[in-house]
Protein chains: 2
Amino acid sequence: MTTIHTAPRWRRRPEDRPGEILAAALEVFGEQGLAGARIDAIAARAGLSKGTVYHYFPGKEVLFRELVRRMVRDGTVGIVPADAEGPAGELLRTFIRGVWGRMRTPGFHALYRLILGELHHFPDLTRFYADEIAGRTVSHVAALVERGVTAGEFRRVDPRAAGRTLVALLTQHALWAGRPELFPHAAGRTDDEVLAEIDEFFFRSLGP
Amino acid sequence: MTTIHTAPRWRRRPEDRPGEILAAALEVFGEQGLAGARIDAIAARAGLSKGTVYHYFPGKEVLFRELVRRMVRDGTVGIVPADAEGPAGELLRTFIRGVWGRMRTPGFHALYRLILGELHHFPDLTRFYADEIAGRTVSHVAALVERGVTAGEFRRVDPRAAGRTLVALLTQHALWAGRPELFPHAAGRTDDEVLAEIDEFFFRSLGP
DNA sequence: CAAGTTTTCGACCCGCCGGTCAACAACTGT
DNA sequence: ACAGTTGTTGACCGGCGGGTCGAAAACTTG
């Protein structure tokens with residue numbers, strides 16, 4: 001008599017589940033919004049059943065909070081480096097490439113949509129995002145611009161205005177690039193071309 | 001015996017109802033999203049009961065469609081004027097002021113949020129928006145920039161890239177200005193100051 | 001391999017909300 | 001003043017989906 005070791009119908013992988021669930025949640029929340037997302041859909045996209053989701057997260061709202069909090073935190077890592085050496089223009093260009101790279105990942109759209117559309121339900125997360133992301137990035141650019149101004153590398157501009165300008169250009173172009181069916185202006189442009197456009201316009205207006 | 005004409009408990013105003021309902025719907029949809037908005041809430045905000053909403057609109061989705069369609073259509077009127085006389089710089093500045101004025105109304109946020117977050121449920125509206133708004137505005141700016149370039153008023157730039165730049169700046173700054181608790185960068189700036197920033201940056205990078 | 005542990009499943013419960021409808025109140029015409 | 005019309009109401013229904021829970025399957029330990 002041969003004992004047949006069939007493959008188990010499913011495996012226990014408690015280490016990986018939370019991450020898988022959060023990844024699926026980002027997709028579904030990003031497409032359907034907080035209210036429109038169904039837990040069944042998140043579970044299915046993660047290859048699980050609903051009960052398992054509730055085994056790791058106590059409810060929809062907590063899952064949402066955890067997701068946003070993690071995304072926002074991870075989004076900052078590496079984006080805002082300690083002040084480095086070199087001309088401000090170079091530092092700004094590496095910063096631009098770094099931010100652009102992150103913004104062109106599929107997760108960025110979902111996250112931005114959630115921040116814009118759902119974050120007001122969570123005042124603490126609103127404050128967290130405003131402080132950790134929105135405020136910091138502009139301030140960081142402003143600091144770099146200011147260095148360039150005092151070094152005579154750029155003309156005298158309001159550093160914070162320049163920071164807003166750059167962040168606005170990057171954000172909006174990333175949004176457009178991710179939804180070509182909705183924003184046809186950028187159709188046919190590669191990421192590098194778009195980046196070159198932004199670079200050209202931004203630094204041109206900083207020149208003396 | 002005196003006949004007392006008490007004021008009626010409610011009045012029949014069939015002409016005004018659709019508009020009132022749509023206005024309330026814009027607010028509630030804007031705050032809660034398509035799935036999160038409750039018809040009761042829309043009715044209450046319009047000072048009506050749920051049944052009346054269903055008297056004028058056959059259902060939630062149709063109400064949403066009607067709302068977006070009307071908003072998008074009204075949003076274009078006057079924004080894109082026929083080609084007028086004068087230097088391109090002047091035409092661009094009046095265009096900028098016009099667009100900025102519309103974008104700084106409270107309805108713009110709600111609408112933009114809905115376009116970004118919900119419009120993918122309605123492919124026909126997606127196409128409609130892409131064609132009527134997103135495409136046209138950038139093309140319009142590009143046309144004006146091109147005039148300025150051939151007239152020697154601006155340096156030689158890619159007109160469409162310039163169009164994207166301007167629209168990106170206006171859109172993001174309007175978004176920020178409407179949510180200061182989420183985007184603290186622009187705190188304390190008046191609309192005119194923001195507009196001056198955009199103007200300065202944009203035209204500076206068009207100069208020879 | 002047996003007993004114990006923990007992950008996973010899926011059937012079930014129940015409150016909420018989109019949608020319905022009959023009654024009613026505000027109008028209109030005569 | 002009365003009948004007819006229709007805008008408006010609010011109680012009601014049914015399905016959907018968030019959340020629960022017992023049982024079964026996958027591991028672990030000895």
# chains A, B, ... in the order shown; residues from 1 in each chain; ligands from 1

call {"tool": "interface_residues", "arguments": {"of": "chain C", "to": "chain A", "cutoff": "10 Å", "atoms": "only C-alpha atoms (C1' of nucleotides)", "output": "ChimeraX atom specification"}}
result
/C:6-10

call {"tool": "write_last_selection", "arguments": {"atoms": "C-alpha atoms (C1' of nucleotides)", "output": "tab-separated table (two decimals), in the first residue's frame"}}
result
chain	number	residue	atom	x	y	z
C	6	DT	C1'	-2.58	27.76	15.18
C	7	DT	C1'	-3.72	28.95	10.56
C	8	DT	C1'	-7.27	28.84	7.21
C	9	DC	C1'	-11.73	28.18	5.51
C	10	DG	C1'	-16.58	29.14	4.47

call {"tool": "closest_atom_pairs", "arguments": {"of": "range 109-180 of chain A", "to": "range 167-173 of chain B", "cutoff": "10 Å", "atoms": "only C-alpha atoms", "output": "JSON lines"}}
result
{"residue": "A:Arg164", "atom": "CA", "partner": "B:His173", "partner_atom": "CA", "distance": 8.2}
{"residue": "A:Thr165", "atom": "CA", "partner": "B:Leu169", "partner_atom": "CA", "distance": 6.7}
{"residue": "A:Leu166", "atom": "CA", "partner": "B:Leu169", "partner_atom": "CA", "distance": 8.9}
{"residue": "A:Val167", "atom": "CA", "partner": "B:Gln172", "partner_atom": "CA", "distance": 8.8}
{"residue": "A:Ala168", "atom": "CA", "partner": "B:Gln172", "partner_atom": "CA", "distance": 5.5}
{"residue": "A:Leu169", "atom": "CA", "partner": "B:Ala168", "partner_atom": "CA", "distance": 5.8}
{"residue": "A:Leu170", "atom": "CA", "partner": "B:Ala168", "partner_atom": "CA", "distance": 8.7}
{"residue": "A:Thr171", "atom": "CA", "partner": "B:Gln172", "partner_atom": "CA", "distance": 7.8}
{"residue": "A:Gln172", "atom": "CA", "partner": "B:Ala168", "partner_atom": "CA", "distance": 5.5}
{"residue": "A:His173", "atom": "CA", "partner": "B:Ala168", "partner_atom": "CA", "distance": 7.0}
{"residue": "A:Leu175", "atom": "CA", "partner": "B:Ala168", "partner_atom": "CA", "distance": 9.9}
{"residue": "A:Trp176", "atom": "CA", "partner": "B:Ala168", "partner_atom": "CA", "distance": 9.4}

call {"tool": "closest_atom_pairs", "arguments": {"of": "chain D", "to": "chain B", "cutoff": "8 Å", "atoms": "only C-alpha atoms (C1' of nucleotides)", "output": "Markdown table"}}
result
| residue | atom | partner | partner_atom | distance |
| --- | --- | --- | --- | --- |
| D:DG7 | C1' | B:Arg12 | CA | 5.6 |
| D:DT8 | C1' | B:Thr52 | CA | 6.1 |
| D:DT9 | C1' | B:Ser49 | CA | 6.7 |
| D:DG10 | C1' | B:Ser49 | CA | 7.8 |

call {"tool": "write_last_selection", "arguments": {"atoms": "C-alpha atoms (C1' of nucleotides)", "output": "PDB file, in the first residue's frame"}}
result
ATOM      1  C1'  DG D   7     -44.687  66.925  -5.940  1.00  0.00           C
ATOM      2  C1'  DT D   8     -43.387  65.081  -1.479  1.00  0.00           C
ATOM      3  C1'  DT D   9     -43.208  62.125   2.320  1.00  0.00           C
ATOM      4  C1'  DG D  10     -41.681  58.269   5.252  1.00  0.00           C
TER       5       DG D  10
END

call {"tool": "closest_atom_pairs", "arguments": {"of": "chain B", "to": "chain A", "cutoff": "6 Å", "atoms": "only C-alpha atoms", "output": "Markdown table"}}
result
| residue | atom | partner | partner_atom | distance |
| --- | --- | --- | --- | --- |
| B:Ala35 | CA | A:Gly36 | CA | 4.9 |
| B:Gly36 | CA | A:Ala35 | CA | 4.9 |
| B:Thr126 | CA | A:Leu182 | CA | 5.9 |
| B:Ala130 | CA | A:Leu182 | CA | 5.0 |
| B:Ala134 | CA | A:Phe183 | CA | 5.8 |
| B:Gly135 | CA | A:His185 | CA | 5.9 |
| B:Ala168 | CA | A:Gln172 | CA | 5.5 |
| B:Leu169 | CA | A:Ala168 | CA | 5.8 |
| B:Gln172 | CA | A:Ala168 | CA | 5.5 |
| B:Leu182 | CA | A:Ala130 | CA | 5.0 |
| B:Phe183 | CA | A:Ala130 | CA | 5.7 |
| B:His185 | CA | A:Gly135 | CA | 5.9 |
| B:Phe201 | CA | A:Ser205 | CA | 6.0 |
| B:Arg204 | CA | A:Ser205 | CA | 5.3 |
| B:Ser205 | CA | A:Ser205 | CA | 4.5 |

call {"tool": "write_last_selection", "arguments": {"atoms": "N, CA and C atoms", "output": "PDB file, in the first residue's frame"}}
result
ATOM      1  N   ALA B  35     -19.471  55.103  -3.555  1.00  0.00           N
ATOM      2  CA  ALA B  35     -20.005  54.007  -2.744  1.00  0.00           C
ATOM      3  C   ALA B  35     -20.360  54.471  -1.340  1.00  0.00           C
ATOM      4  N   GLY B  36     -19.607  55.409  -0.805  1.00  0.00           N
ATOM      5  CA  GLY B  36     -19.834  55.826   0.569  1.00  0.00           C
ATOM      6  C   GLY B  36     -20.988  56.783   0.750  1.00  0.00           C
ATOM      7  N   THR B 126     -15.208  58.751 -18.783  1.00  0.00           N
ATOM      8  CA  THR B 126     -13.757  58.892 -18.853  1.00  0.00           C
ATOM      9  C   THR B 126     -13.348  59.470 -20.203  1.00  0.00           C
ATOM     10  N   ALA B 130     -11.688  63.106 -20.883  1.00  0.00           N
ATOM     11  CA  ALA B 130     -10.389  63.171 -21.546  1.00  0.00           C
ATOM     12  C   ALA B 130     -10.460  64.053 -22.787  1.00  0.00           C
ATOM     13  N   ALA B 134      -9.424  67.536 -20.380  1.00  0.00           N
ATOM     14  CA  ALA B 134      -7.987  67.323 -20.256  1.00  0.00           C
ATOM     15  C   ALA B 134      -7.276  67.620 -21.565  1.00  0.00           C
ATOM     16  N   GLY B 135      -7.806  67.066 -22.648  1.00  0.00           N
ATOM     17  CA  GLY B 135      -7.152  67.302 -23.924  1.00  0.00           C
ATOM     18  C   GLY B 135      -7.225  68.756 -24.351  1.00  0.00           C
ATOM     19  N   ALA B 168      -0.281  71.722 -15.037  1.00  0.00           N
ATOM     20  CA  ALA B 168       0.157  71.013 -13.836  1.00  0.00           C
ATOM     21  C   ALA B 168       0.282  71.974 -12.667  1.00  0.00           C
ATOM     22  N   LEU B 169       0.900  73.111 -12.894  1.00  0.00           N
ATOM     23  CA  LEU B 169       1.077  74.077 -11.808  1.00  0.00           C
ATOM     24  C   LEU B 169      -0.264  74.557 -11.279  1.00  0.00           C
ATOM     25  N   GLN B 172      -2.260  71.517  -9.359  1.00  0.00           N
ATOM     26  CA  GLN B 172      -1.742  71.140  -8.048  1.00  0.00           C
ATOM     27  C   GLN B 172      -1.911  72.266  -7.039  1.00  0.00           C
ATOM     28  N   LEU B 182      -4.146  69.296   4.799  1.00  0.00           N
ATOM     29  CA  LEU B 182      -3.449  68.153   4.220  1.00  0.00           C
ATOM     30  C   LEU B 182      -2.151  68.577   3.543  1.00  0.00           C
ATOM     31  N   PHE B 183      -2.158  69.774   2.980  1.00  0.00           N
ATOM     32  CA  PHE B 183      -0.989  70.284   2.260  1.00  0.00           C
ATOM     33  C   PHE B 183      -0.588  71.616   2.874  1.00  0.00           C
ATOM     34  N   HIS B 185       2.046  73.329   2.728  1.00  0.00           N
ATOM     35  CA  HIS B 185       3.094  74.166   2.105  1.00  0.00           C
ATOM     36  C   HIS B 185       2.600  75.567   1.803  1.00  0.00           C
ATOM     37  N   PHE B 201       7.085  81.967 -12.409  1.00  0.00           N
ATOM     38  CA  PHE B 201       7.852  80.789 -12.804  1.00  0.00           C
ATOM     39  C   PHE B 201       7.598  80.434 -14.263  1.00  0.00           C
ATOM     40  N   ARG B 204       8.907  83.127 -16.749  1.00  0.00           N
ATOM     41  CA  ARG B 204      10.365  83.214 -16.678  1.00  0.00           C
ATOM     42  C   ARG B 204      11.011  82.120 -17.539  1.00  0.00           C
ATOM     43  N   SER B 205      10.449  80.946 -17.512  1.00  0.00           N
ATOM     44  CA  SER B 205      11.057  79.860 -18.279  1.00  0.00           C
ATOM     45  C   SER B 205      10.682  79.932 -19.756  1.00  0.00           C
TER      46      SER B 205
END

call {"tool": "closest_residue", "arguments": {"among": "B:Asp16, B:Glu27, B:Glu61, B:Glu90", "to": "DG18 in chain C", "atoms": "only C-alpha atoms (C1' of nucleotides)"}}
result
B:Glu61

call {"tool": "select_by_dssp", "arguments": {"residues": "range 82-170 of chain B", "states": "alpha helix (DSSP H)", "output": "number ranges by chain"}}
result
B: 88-103, 106-118, 123-129, 136-150, 159-170

call {"tool": "residues_around", "arguments": {"residues": "DG18 in chain D", "least_positions_apart": "2", "cutoff": "10 Å", "atoms": "only C-alpha atoms (C1' of nucleotides)", "output": "PyMOL selection string"}}
result
(chain A and resi 38-40+59-60) or (chain C and resi 14-15) or (chain D and resi 16+20)

call {"tool": "write_last_selection", "arguments": {"atoms": "N, CA and C atoms (P, O5', C5', C4', C3', O3' and C1' of nucleotides)", "output": "mmCIF file, in the first residue's frame"}}
result
data_model
loop_
_atom_site.group_PDB
_atom_site.id
_atom_site.type_symbol
_atom_site.label_atom_id
_atom_site.label_comp_id
_atom_site.auth_asym_id
_atom_site.auth_seq_id
_atom_site.Cartn_x
_atom_site.Cartn_y
_atom_site.Cartn_z
ATOM 1 N N ARG A 38 -14.636 45.694 -0.983
ATOM 2 C CA ARG A 38 -15.222 44.608 -0.211
ATOM 3 C C ARG A 38 -14.115 43.702 0.301
ATOM 4 N N ILE A 39 -14.251 43.313 1.545
ATOM 5 C CA ILE A 39 -13.222 42.487 2.165
ATOM 6 C C ILE A 39 -13.048 41.191 1.372
ATOM 7 N N ASP A 40 -14.139 40.658 0.875
ATOM 8 C CA ASP A 40 -14.044 39.462 0.042
ATOM 9 C C ASP A 40 -13.106 39.691 -1.134
ATOM 10 N N GLY A 59 -10.441 44.710 11.418
ATOM 11 C CA GLY A 59 -11.555 45.266 10.666
ATOM 12 C C GLY A 59 -11.070 46.109 9.508
ATOM 13 N N LYS A 60 -12.018 46.565 8.728
ATOM 14 C CA LYS A 60 -11.698 47.290 7.505
ATOM 15 C C LYS A 60 -10.930 48.579 7.784
ATOM 16 P P DC C 14 -28.624 37.144 14.314
ATOM 17 O "O5'" DC C 14 -28.400 38.687 13.990
ATOM 18 C "C5'" DC C 14 -27.097 39.266 14.125
ATOM 19 C "C4'" DC C 14 -27.040 40.553 13.334
ATOM 20 C "C3'" DC C 14 -28.373 41.305 13.237
ATOM 21 O "O3'" DC C 14 -28.125 42.677 13.326
ATOM 22 C "C1'" DC C 14 -27.560 40.915 11.099
ATOM 23 P P DG C 15 -28.954 43.631 14.286
ATOM 24 O "O5'" DG C 15 -28.404 45.077 13.901
ATOM 25 C "C5'" DG C 15 -27.004 45.283 13.789
ATOM 26 C "C4'" DG C 15 -26.676 46.059 12.534
ATOM 27 C "C3'" DG C 15 -27.567 47.277 12.273
ATOM 28 O "O3'" DG C 15 -26.733 48.333 11.834
ATOM 29 C "C1'" DG C 15 -27.621 45.847 10.399
ATOM 30 P P DC D 16 -27.430 40.764 -3.856
ATOM 31 O "O5'" DC D 16 -26.277 41.815 -3.562
ATOM 32 C "C5'" DC D 16 -26.600 43.172 -3.260
ATOM 33 C "C4'" DC D 16 -25.731 43.658 -2.119
ATOM 34 C "C3'" DC D 16 -24.391 42.925 -1.976
ATOM 35 O "O3'" DC D 16 -23.394 43.879 -1.780
ATOM 36 C "C1'" DC D 16 -25.516 42.954 0.086
ATOM 37 P P DT D 20 -16.272 40.783 14.591
ATOM 38 O "O5'" DT D 20 -17.078 39.413 14.521
ATOM 39 C "C5'" DT D 20 -18.474 39.416 14.789
ATOM 40 C "C4'" DT D 20 -18.970 37.986 14.947
ATOM 41 C "C3'" DT D 20 -18.093 37.074 15.813
ATOM 42 O "O3'" DT D 20 -18.955 36.289 16.632
ATOM 43 C "C1'" DT D 20 -18.361 36.102 13.670
#

call {"tool": "residues_around", "arguments": {"residues": "Ala24 in chain B", "least_positions_apart": "6", "cutoff": "7 Å", "atoms": "only C-alpha atoms (C1' of nucleotides)", "output": "PyMOL selection string"}}
result
chain B and resi 42+45-46

call {"tool": "write_last_selection", "arguments": {"atoms": "N, CA and C atoms", "output": "short mmCIF file (atom, residue, chain, number, x, y, z; two decimals), in the first residue's frame"}}
result
data_model
loop_
_atom_site.label_atom_id
_atom_site.label_comp_id
_atom_site.auth_asym_id
_atom_site.auth_seq_id
_atom_site.Cartn_x
_atom_site.Cartn_y
_atom_site.Cartn_z
N ILE B 42 -27.76 62.82 0.91
CA ILE B 42 -27.93 63.80 -0.15
C ILE B 42 -29.29 64.49 -0.01
N ARG B 45 -29.25 66.90 2.90
CA ARG B 45 -28.50 68.13 2.65
C ARG B 45 -29.25 69.04 1.70
N ALA B 46 -30.10 68.47 0.87
CA ALA B 46 -30.93 69.29 -0.01
C ALA B 46 -32.23 69.69 0.67
#
